[in-house]
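Reproduced below: input37.cif, with mmCIF, C-alpha atoms.
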```
data_input
loop_
_atom_site.label_atom_id
_atom_site.label_comp_id
_atom_site.auth_asym_id
_atom_site.auth_seq_id
_atom_site.Cartn_x
_atom_site.Cartn_y
_atom_site.Cartn_z
CA MET A 5 241.37 52.05 -91.84
CA HIS A 6 237.85 50.71 -91.44
CA ALA A 7 236.02 48.81 -94.15
CA LEU A 8 232.54 49.55 -92.78
CA SER A 9 230.70 52.66 -91.72
CA PHE A 10 227.72 52.55 -89.35
CA HIS A 11 224.70 54.87 -89.40
CA ALA A 12 221.73 54.63 -87.05
CA GLY A 13 218.50 56.33 -86.17
CA PRO A 14 218.00 57.46 -82.55
CA HIS A 15 215.87 54.48 -81.50
CA ALA A 16 218.28 51.97 -83.00
CA LEU A 17 221.24 53.68 -81.33
CA ALA A 18 219.52 53.75 -77.95
CA HIS A 19 218.60 50.09 -78.27
CA ILE A 20 222.15 49.06 -79.18
CA ARG A 21 223.53 51.17 -76.34
CA GLN A 22 221.30 49.35 -73.85
CA HIS A 23 221.29 45.79 -75.24
CA GLY A 24 224.13 45.53 -77.73
CA LEU A 25 223.51 44.41 -81.28
CA ARG A 26 221.51 41.17 -80.99
CA ALA A 27 220.28 38.95 -83.78
CA ARG A 28 216.99 38.39 -81.98
CA ASP A 29 216.15 42.09 -82.30
CA ILE A 30 216.53 42.21 -86.10
CA ALA A 31 213.02 42.16 -87.58
CA VAL A 32 213.65 43.42 -91.11
CA VAL A 33 216.50 43.15 -93.59
CA PRO A 34 216.09 45.39 -96.67
CA ALA A 35 218.14 44.79 -99.80
CA ALA A 36 218.47 47.54 -102.39
CA ALA A 37 218.38 47.44 -106.16
CA GLY A 38 221.69 48.23 -107.83
CA GLY A 39 222.78 45.33 -110.03
CA PRO A 40 226.16 43.78 -109.21
CA LYS A 41 226.80 46.27 -106.39
CA GLY A 42 224.92 43.92 -104.06
CA LEU A 43 227.43 41.12 -104.65
CA ILE A 44 229.95 42.89 -102.40
CA PHE A 45 227.92 41.58 -99.45
CA GLN A 46 228.25 37.90 -100.35
CA SER A 47 230.44 37.00 -97.37
CA LEU A 48 228.45 39.19 -94.99
CA ASP A 49 225.16 37.72 -96.27
CA GLN A 50 226.52 34.21 -95.75
CA TRP A 51 227.50 35.00 -92.17
CA LEU A 52 224.23 36.76 -91.34
CA PHE A 53 221.92 34.09 -92.69
CA GLY A 54 224.09 31.03 -92.28
CA ASP A 55 225.35 31.78 -88.76
CA TRP A 56 224.16 34.83 -86.82
CA PHE A 57 220.42 34.74 -87.56
CA ALA A 58 220.40 30.94 -87.38
CA GLN A 59 221.40 31.23 -83.71
CA ALA A 60 218.35 33.41 -82.97
CA PRO A 61 215.45 32.28 -85.15
CA ARG A 62 212.44 34.57 -85.29
CA GLU A 63 210.08 35.86 -87.93
CA ARG A 64 212.02 38.28 -90.13
CA ALA A 65 210.89 40.24 -93.15
CA LEU A 66 213.37 40.11 -96.01
CA ILE A 67 212.38 42.74 -98.55
CA GLY A 68 214.21 43.53 -101.74
CA ALA A 69 214.12 44.96 -105.23
CA SER A 70 216.12 43.74 -108.22
CA ILE A 71 219.45 42.19 -107.10
CA GLY A 72 218.25 42.80 -103.53
CA ALA A 73 215.27 40.52 -104.09
CA TRP A 74 217.57 37.90 -105.62
CA ARG A 75 219.85 38.10 -102.59
CA MET A 76 216.94 37.71 -100.20
CA ALA A 77 215.64 34.73 -102.18
CA ALA A 78 219.07 33.12 -101.73
CA ALA A 79 218.78 33.83 -98.01
CA CYS A 80 215.62 31.72 -97.92
CA ARG A 81 217.25 28.62 -99.38
CA ALA A 82 217.80 25.72 -96.98
CA ASP A 83 221.56 26.24 -97.33
CA PRO A 84 221.94 30.02 -97.63
CA VAL A 85 225.74 29.89 -97.59
CA ALA A 86 225.80 27.74 -100.72
CA ALA A 87 222.96 29.74 -102.29
CA PHE A 88 224.79 33.06 -101.93
CA ALA A 89 227.93 31.50 -103.40
CA ARG A 90 225.88 30.19 -106.32
CA LEU A 91 224.25 33.59 -106.86
CA GLY A 92 227.71 35.15 -107.07
CA GLU A 93 228.87 32.56 -109.59
CA LEU A 94 225.78 32.96 -111.73
CA TYR A 95 225.74 36.74 -111.69
CA CYS A 96 229.44 37.05 -112.43
CA GLY A 97 229.16 34.41 -115.14
CA GLN A 98 226.70 36.34 -117.31
CA ARG A 99 227.95 36.55 -120.89
CA TYR A 100 226.42 38.58 -123.67
CA THR A 101 227.10 39.38 -127.30
CA ALA A 102 228.49 42.82 -128.22
CA LYS A 103 225.00 44.36 -128.52
CA PRO A 104 222.58 42.07 -126.71
CA SER A 105 218.89 42.35 -127.53
CA PRO A 106 216.24 42.51 -124.80
CA LYS A 107 215.36 38.93 -125.68
CA GLU A 108 218.97 37.82 -125.11
CA ILE A 109 219.21 39.57 -121.73
CA ASP A 110 215.86 38.13 -120.68
CA SER A 111 217.01 34.65 -121.61
CA VAL A 112 220.25 34.93 -119.61
CA CYS A 113 218.43 36.28 -116.54
CA ARG A 114 215.70 33.65 -116.69
CA LYS A 115 218.35 30.94 -116.83
CA LEU A 116 220.19 32.54 -113.88
CA LEU A 117 217.04 32.56 -111.77
CA HIS A 118 216.18 29.01 -112.76
CA GLU A 119 219.61 27.91 -111.56
CA LEU A 120 219.18 29.90 -108.33
CA VAL A 121 215.65 28.93 -107.25
CA GLY A 122 214.45 26.29 -109.72
CA GLY A 123 213.39 23.18 -107.82
CA HIS A 124 213.77 25.06 -104.53
CA GLU A 125 210.67 27.26 -104.75
CA ALA A 126 209.02 25.72 -101.68
CA GLN A 127 212.14 26.37 -99.59
CA VAL A 128 212.15 30.02 -100.60
CA THR A 129 208.44 30.74 -100.24
CA ALA A 130 207.82 28.74 -97.06
CA HIS A 131 210.95 29.29 -95.00
CA PRO A 132 210.19 28.55 -91.34
CA HIS A 133 211.36 31.97 -90.16
CA HIS A 134 212.03 34.30 -93.08
CA ARG A 135 209.23 36.09 -94.92
CA LEU A 136 210.27 37.12 -98.44
CA HIS A 137 208.74 40.22 -100.05
CA VAL A 138 209.66 41.01 -103.66
CA ILE A 139 209.11 44.53 -105.02
CA ALA A 140 208.33 45.22 -108.67
CA ALA A 141 207.08 48.33 -110.47
CA ARG A 142 203.85 48.09 -112.49
CA GLY A 143 203.37 50.54 -115.33
CA ARG A 144 200.54 53.03 -115.41
CA GLY A 145 199.36 55.47 -118.05
CA SER A 146 201.37 55.05 -121.24
CA LEU A 147 203.49 52.44 -119.46
CA ALA A 148 200.51 50.23 -118.62
CA ALA A 149 200.84 48.25 -121.85
CA PRO A 150 203.31 49.84 -124.30
CA ALA A 151 202.87 48.24 -127.70
CA HIS A 152 206.48 48.64 -128.86
CA ARG A 153 209.90 49.96 -127.87
CA ARG A 154 209.20 53.49 -129.07
CA ALA A 155 206.07 53.68 -126.92
CA GLU A 156 208.07 52.36 -123.98
CA ALA A 157 210.79 54.98 -124.53
CA THR A 158 208.20 57.74 -124.71
CA GLY A 159 206.58 56.49 -121.52
CA PHE A 160 209.82 56.44 -119.58
CA ALA A 161 210.75 59.89 -120.85
CA ALA A 162 207.42 61.15 -119.50
CA ALA A 163 208.10 59.34 -116.21
CA ALA A 164 211.49 61.05 -115.89
CA LEU A 165 209.97 64.48 -116.46
CA LEU A 166 207.20 63.86 -113.95
CA ASN A 167 209.71 62.61 -111.39
CA LEU A 168 211.82 65.72 -111.94
CA ALA A 169 208.81 67.79 -110.93
CA SER A 170 208.21 65.68 -107.82
CA ARG A 171 208.54 62.09 -106.70
CA ALA A 172 204.81 62.03 -106.04
CA SER A 173 204.18 62.81 -109.73
CA LEU A 174 205.94 59.60 -110.75
CA ALA A 175 203.00 57.76 -109.18
CA ARG A 176 201.01 58.64 -112.30
CA MET A 177 203.30 56.36 -114.33
CA ALA A 178 204.23 53.56 -111.93
CA GLU A 179 202.93 51.80 -108.86
CA ARG A 180 204.43 49.47 -106.33
CA VAL A 181 203.56 45.78 -106.32
CA ILE A 182 204.88 43.67 -103.47
CA VAL A 183 204.69 39.94 -104.06
CA SER A 184 204.65 38.83 -100.45
CA ASP A 185 204.92 35.75 -98.32
CA ALA A 186 201.60 33.90 -98.23
CA ARG A 187 201.55 34.04 -94.43
CA GLY A 188 200.91 37.76 -94.54
CA ALA A 189 201.99 41.04 -96.04
CA PRO A 190 204.07 43.26 -93.74
CA ALA A 191 201.63 45.27 -91.64
CA TRP A 192 204.17 48.07 -91.27
CA MET A 193 203.80 48.71 -95.01
CA ALA A 194 200.05 49.25 -95.04
CA PRO A 195 199.02 50.97 -98.32
CA GLY A 196 198.91 54.74 -98.14
CA PHE A 197 202.29 55.36 -96.51
CA ASP A 198 203.41 57.38 -99.55
CA SER A 199 202.08 58.69 -102.88
CA PHE A 200 202.41 55.41 -104.77
CA THR A 201 199.56 52.97 -105.12
CA THR A 202 200.71 49.78 -103.41
CA HIS A 203 199.34 46.35 -104.24
CA PHE A 204 200.13 43.15 -102.38
CA ALA A 205 200.08 39.78 -104.13
CA THR A 206 200.77 36.33 -102.71
CA LEU A 207 204.18 34.81 -103.37
CA ASP A 208 204.17 31.09 -104.12
CA SER A 209 206.07 28.47 -106.06
CA SER A 210 204.22 29.28 -109.29
CA ASN A 211 205.11 32.97 -109.47
CA LEU A 212 208.46 33.18 -107.63
CA ALA A 213 210.62 33.17 -110.77
CA ASP A 214 208.45 35.72 -112.59
CA ALA A 215 208.33 37.99 -109.54
CA LEU A 216 212.12 37.90 -109.21
CA LEU A 217 212.60 38.51 -112.92
CA ALA A 218 210.13 41.41 -112.92
CA SER A 219 211.86 42.93 -109.91
CA GLY A 220 215.11 43.05 -111.89
CA THR A 221 213.77 43.91 -115.35
CA LEU A 222 215.70 46.96 -116.56
CA PRO A 223 213.64 49.49 -118.55
CA MET A 224 214.60 49.68 -122.24
CA LEU A 225 217.20 46.91 -121.85
CA MET A 226 214.78 44.08 -121.13
CA GLN A 227 211.25 43.21 -122.12
CA PRO A 228 208.69 43.97 -119.42
CA VAL A 229 207.28 40.95 -117.63
CA ARG A 230 203.72 40.73 -118.87
CA ASN A 231 201.66 39.72 -115.87
CA ILE A 232 202.66 37.88 -112.70
CA ALA A 233 200.34 35.09 -111.58
CA GLY A 234 198.17 36.31 -108.72
CA ALA A 235 199.20 39.96 -109.15
CA PRO A 236 197.35 42.77 -110.96
CA PRO A 237 197.67 42.34 -114.74
CA GLY A 238 200.03 44.63 -116.60
CA ALA A 239 203.62 45.35 -117.56
CA TYR A 240 206.23 45.00 -114.82
CA TRP A 241 209.71 46.48 -114.53
CA ASP A 242 212.55 46.77 -112.05
CA GLY A 243 211.33 47.47 -108.51
CA GLY A 244 214.09 50.04 -108.23
CA LEU A 245 212.11 52.37 -110.48
CA VAL A 246 209.92 53.15 -107.46
CA ASP A 247 211.97 51.69 -104.58
CA TYR A 248 215.64 51.96 -105.52
CA HIS A 249 217.08 51.94 -102.00
CA LEU A 250 213.84 51.00 -100.21
CA ALA A 251 212.83 54.24 -98.50
CA LEU A 252 210.06 52.54 -96.52
CA PRO A 253 208.20 53.25 -93.24
CA TYR A 254 210.39 51.13 -90.96
CA SER A 255 209.40 53.17 -87.91
CA ASN A 256 205.96 51.48 -88.05
CA LEU A 257 207.54 48.31 -86.64
CA ALA A 258 206.89 47.23 -83.06
CA PRO A 259 209.00 48.92 -80.37
CA GLY A 260 212.33 47.14 -79.94
CA ASP A 261 212.37 45.78 -83.49
CA ILE A 262 215.47 46.85 -85.38
CA VAL A 263 216.11 47.08 -89.12
CA LEU A 264 219.54 45.91 -90.22
CA TYR A 265 220.35 47.38 -93.61
CA PRO A 266 223.59 46.27 -95.30
CA HIS A 267 223.77 48.87 -98.05
CA PHE A 268 226.38 49.69 -100.65
CA SER A 269 225.92 53.44 -100.06
CA GLU A 270 225.74 55.69 -97.02
CA HIS A 271 222.69 57.33 -98.59
CA ILE A 272 219.19 56.01 -99.22
CA VAL A 273 217.91 57.24 -102.59
CA PRO A 274 214.14 56.66 -102.88
CA GLY A 275 213.80 55.92 -106.61
CA TRP A 276 216.16 55.13 -109.48
CA LEU A 277 215.27 58.43 -111.17
CA ASP A 278 216.29 60.31 -108.01
CA LYS A 279 219.97 59.37 -108.23
CA ALA A 280 221.07 62.79 -109.49
CA MET A 281 218.95 64.64 -106.93
CA PRO A 282 220.76 64.77 -103.57
CA TRP A 283 217.86 66.66 -102.00
CA ARG A 284 215.73 63.52 -102.46
CA ARG A 285 217.87 61.44 -100.12
CA MET A 286 215.73 59.88 -97.44
CA ALA A 287 217.64 61.28 -94.46
CA ARG A 288 217.12 64.83 -95.76
CA GLY A 289 213.43 64.57 -96.58
CA PRO A 290 210.15 64.65 -94.68
CA GLN A 291 210.31 60.87 -94.19
CA CYS A 292 213.59 60.89 -92.27
CA GLY A 293 211.72 59.69 -89.18
CA TRP A 294 211.21 56.34 -90.89
CA LEU A 295 214.90 55.67 -90.17
CA ASP A 296 214.59 55.98 -86.39
CA ASN A 297 215.00 52.22 -85.81
CA VAL A 298 217.40 51.50 -88.68
CA LEU A 299 221.06 50.48 -88.45
CA LEU A 300 222.72 50.89 -91.85
CA VAL A 301 226.15 49.44 -92.56
CA ALA A 302 228.00 50.46 -95.72
CA PRO A 303 231.45 50.06 -97.26
CA THR A 304 233.74 53.01 -96.57
CA PRO A 305 235.45 55.03 -99.31
CA HIS A 306 238.73 53.51 -98.13
CA PHE A 307 237.41 49.99 -98.68
CA LEU A 308 236.06 50.92 -102.10
CA SER A 309 239.45 52.29 -103.11
CA THR A 310 240.97 48.82 -102.59
CA LEU A 311 238.64 47.14 -105.09
CA PRO A 312 239.48 46.56 -108.76
CA ARG A 313 239.07 49.89 -110.58
CA GLY A 314 238.67 51.53 -107.14
CA LYS A 315 234.90 51.19 -107.03
CA LEU A 316 231.99 48.85 -106.50
CA LEU A 317 230.98 46.48 -109.25
CA ASP A 318 228.30 48.03 -111.45
CA ARG A 319 226.48 47.48 -114.72
CA LYS A 320 228.82 49.83 -116.58
CA ASP A 321 231.46 47.13 -116.19
CA PHE A 322 229.69 45.15 -118.92
CA SER A 323 230.50 47.98 -121.35
CA TYR A 324 233.97 48.64 -119.91
CA TYR A 325 235.15 45.06 -120.33
CA GLY A 326 233.11 44.42 -123.48
CA LEU A 327 233.62 40.90 -124.74
CA ASP A 328 236.55 40.29 -122.38
CA HIS A 329 234.22 38.40 -120.07
CA ASP A 330 237.05 36.56 -118.36
CA ALA A 331 238.67 39.80 -117.18
CA ARG A 332 235.38 41.11 -115.83
CA ILE A 333 234.59 37.84 -114.07
CA ARG A 334 238.09 37.68 -112.58
CA ASN A 335 237.89 41.23 -111.19
CA TRP A 336 234.34 40.79 -109.93
CA GLN A 337 235.31 37.60 -108.11
CA GLN A 338 238.31 39.38 -106.62
CA ALA A 339 236.06 42.15 -105.32
CA ILE A 340 233.59 39.65 -103.88
CA GLY A 341 236.48 37.95 -102.09
CA GLN A 342 237.57 41.25 -100.57
CA GLY A 343 234.05 41.55 -99.17
CA GLN A 344 235.20 39.14 -96.47
CA ARG A 345 236.58 42.24 -94.73
CA LEU A 346 233.03 43.55 -94.40
CA ARG A 347 231.93 40.28 -92.82
CA ASP A 348 234.83 40.16 -90.38
CA GLU A 349 234.45 43.76 -89.32
CA PHE A 350 230.70 43.41 -88.78
CA ALA A 351 231.15 40.20 -86.77
CA ALA A 352 233.72 41.98 -84.59
CA PHE A 353 231.30 44.85 -84.07
CA VAL A 354 228.56 42.42 -83.00
CA ALA A 355 230.92 40.83 -80.48
CA ARG A 356 231.95 44.22 -79.07
CA PRO A 357 229.91 47.19 -80.36
CA ASP A 358 231.89 50.41 -80.56
CA LEU A 359 229.21 53.08 -80.33
CA SER A 360 231.70 55.79 -81.23
CA ARG A 361 231.66 54.43 -84.78
CA ILE A 362 227.91 54.91 -85.22
CA ARG A 363 226.93 58.17 -86.88
CA ALA A 364 223.48 59.68 -87.17
CA PHE A 365 221.82 59.68 -90.58
#
```

Could you show the structure in this file as structure tokens?
Amino acid sequence: MHALSFHAGPHALAHIRQHGLRARDIAVVPAAAGGPKGLIFQSLDQWLFGDWFAQAPRERALIGASIGAWRMAAACRADPVAAFARLGELYCGQRYTAKPSPKEIDSVCRKLLHELVGGHEAQVTAHPHHRLHVIAARGRGSLAAPAHRRAEATGFAAAALLNLASRASLARMAERVIVSDARGAPAWMAPGFDSFTTHFATLDSSNLADALLASGTLPMLMQPVRNIAGAPPGAYWDGGLVDYHLALPYSNLAPGDIVLYPHFSEHIVPGWLDKAMPWRRMARGPQCGWLDNVLLVAPTPHFLSTLPRGKLLDRKDFSYYGLDHDARIRNWQQAIGQGQRLRDEFAAFVARPDLSRIRAF
């Protein structure tokens, strides 16, 4: 039974059929929001950035939201293998009281990010080949500067109702801010590609930690990040609010450039509020053509069934295990270890691509 499933757009499939799957052709690596789910790729991330890509250096855009942005920041460390291992240790090692306040969660996450990138900001923001782009959501309307928790709750309730009407309506309450590599924002994401206002800000050593924290700031559970140096002023929340699984215009890339998307799901859900709306999945919508040059690899249901509790790690585990932090950490580390199967299977596919395993989106 396979651990990985493969999905590809027609251009990506044709390219792999002609040339194989080559590191030099990978121009973009997206990394989705989703909390601890992203940790399942630790071994695969280590192999990609510590081995495969290192053998074929080129300019690559690494774009992420929430845990995805944290993973891509680890990829930009001078020793990505050690950085991904450290990210796993830090994320698993989070400990909270029975009912943590937003201030407590903020404090734990700030400490985590300090341990991950503190003192290494220049490595992350000026990597010789990688270009890091961190996505955060900036509030608009009643979410532009909520004065207290009740105002914030009212604002997010309004956002949910607007999003239910249409994804485009959510743009009245939130906009996309991409804190991007100083050497240039990704041209393939020129503003106007969808209904959301998109701002680009310059990523540097002074705002890296705040950008990463904002990208992973959970509404109602954490305090919004109030302003990011160099970015439009305002209140910032998790980038997944707008770009949960990064439904972005990848087809605007140059011909021959491939997007490699290690994803914990076979489906790309545009925004966090779209999770319960299967008709909003990217492959079923008007933007399905954006996936033409994308190769997505995801854990199979069989692989997931072998993990502790028969599923990916997720934030609900904090409630399930409660104050038994040791049990949660032990099971999370076990799941991360089993992710080595994903690495090994992908490496074998690179060595000898089996096109019969690739399905259309």

> Once the PyMOL selection byres ((chain A and resi 25) around 12) has been applied to the shown file, what residues remain in the selection, as number ranges by chain?
Replying inline: A: 12, 16-24, 26-30, 56-57, 260-264, 298-299, 350-359

>> Please determine, counting only C-alpha atoms, which residue among A:Cys96, A:Ala162, A:Ala77, A:Ile44 has the shortest atom-to-atom distance to Asp321 in chain A.
In response: A:Cys96

> Can you tell me, as a list in words, what residues are no more than 6 Å from range 145-147 of chain A when counting all atoms listed in the file, ignoring any on the same chain fewer than 3 positions away?
Replying inline: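 The residues that qualify are Pro150, Gly159 and Met177 of chain A.
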
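Put simply, CA of Phe200 in chain A is 17.1 Å away from CA of His137 in chain A.
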
>> Selection in question (the file shown): the PyMOL selection byres ((chain A and resi 265) around 6). Which residues does it include, as a ChimeraX atom specification?
In response: /A:33-34,264,266-267,300

> Pick from A:Leu94, A:Leu66, A:Ala7, A:Ala73: nearest to Ala140 in chain A, with all atoms listed in the file counted?
Replying inline: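 Closest to Ala140 in chain A of all the choices is A:Ala73.
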
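The two atoms in question, CA of His203 in chain A and CA of Lys279 in chain A, are spaced 24.7 Å apart.
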
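For the choices A:Asn167, A:Thr101, A:Ser360, A:Ser269, the atom-to-atom distance to Thr304 in chain A is smallest for A:Ser269 when using only C-alpha atoms.
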
> Using the chain letters and numbers from the file, which residues does the PyMOL selection byres ((chain A and resi 103) around 12) grab, as a VMD selection string?
Replying inline: chain A and resid 99 to 102 104 to 109 225 322 to 323 326 to 327

>> I'd like the neighbourhood of Pro282 in chain A as a VMD selection string, where a residue qualifies if any of its atoms comes within 12 Å (using all atoms listed in the file), though same-chain residues fewer than 5 positions away should be ignored.
In response: chain A and resid 271 to 275 277 287 to 289

> Out of A:Ala36, A:Ala339, A:Ile182, A:Ala258, which residue has the shortest atom-to-atom distance to Gly68 in chain A when counting all atoms listed in the file?
Replying inline: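 So, comparing all the options, the nearest one is A:Ala36.
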
> What is the CA of Ile362 in chain A to CA of His11 in chain A distance in Å?
Replying inline: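 Calculated distance between CA of Ile362 in chain A and CA of His11 in chain A is 5.3 Å.
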
Find the smallest box with edges along x, y and z containing every listed atom of range 61-64 of chain A, then add 8 Å on each side and report centre and edge lengths in Å to one decimal, as AutoDock Vina command-line options.
```
--center_x 212.8 --center_y 35.3 --center_z -87.6 --size_x 21.4 --size_y 22.0 --size_z 21.0
```

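Considering all atoms listed in the file, the residue among A:Arg135, A:Arg142, A:Arg313, A:Arg319 positioned nearest to Gly238 in chain A is A:Arg142.
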
>> Using only C-alpha atoms, which protein or nucleic acid residues come within 8 Å of Arg75 in chain A? Drop anything in the same chain fewer than 3 positions from it, and give the result as an NGL selection string.
In response: :A and (35 or 42 or 68 or 71-72 or 78-79 or 88 or 91)

Residues from last step as file, C-alpha atoms, as an mmCIF file, keeping the file's coordinate frame:
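What ended up in out_31.cif:
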```
data_model
loop_
_atom_site.group_PDB
_atom_site.id
_atom_site.type_symbol
_atom_site.label_atom_id
_atom_site.label_comp_id
_atom_site.auth_asym_id
_atom_site.auth_seq_id
_atom_site.Cartn_x
_atom_site.Cartn_y
_atom_site.Cartn_z
ATOM 1 C CA ALA A 35 218.140 44.790 -99.800
ATOM 2 C CA GLY A 42 224.920 43.920 -104.060
ATOM 3 C CA GLY A 68 214.210 43.530 -101.740
ATOM 4 C CA ILE A 71 219.450 42.190 -107.100
ATOM 5 C CA GLY A 72 218.250 42.800 -103.530
ATOM 6 C CA ALA A 78 219.070 33.120 -101.730
ATOM 7 C CA ALA A 79 218.780 33.830 -98.010
ATOM 8 C CA PHE A 88 224.790 33.060 -101.930
ATOM 9 C CA LEU A 91 224.250 33.590 -106.860
#
```

> Skipping near chain neighbours, those fewer than 4 positions away, what residues fall within 9 Å of Phe268 in chain A using all atoms listed in the file, listed as a PyMOL selection string?
Replying inline: chain A and resi 36+38+41-42+44-45+301-303+316
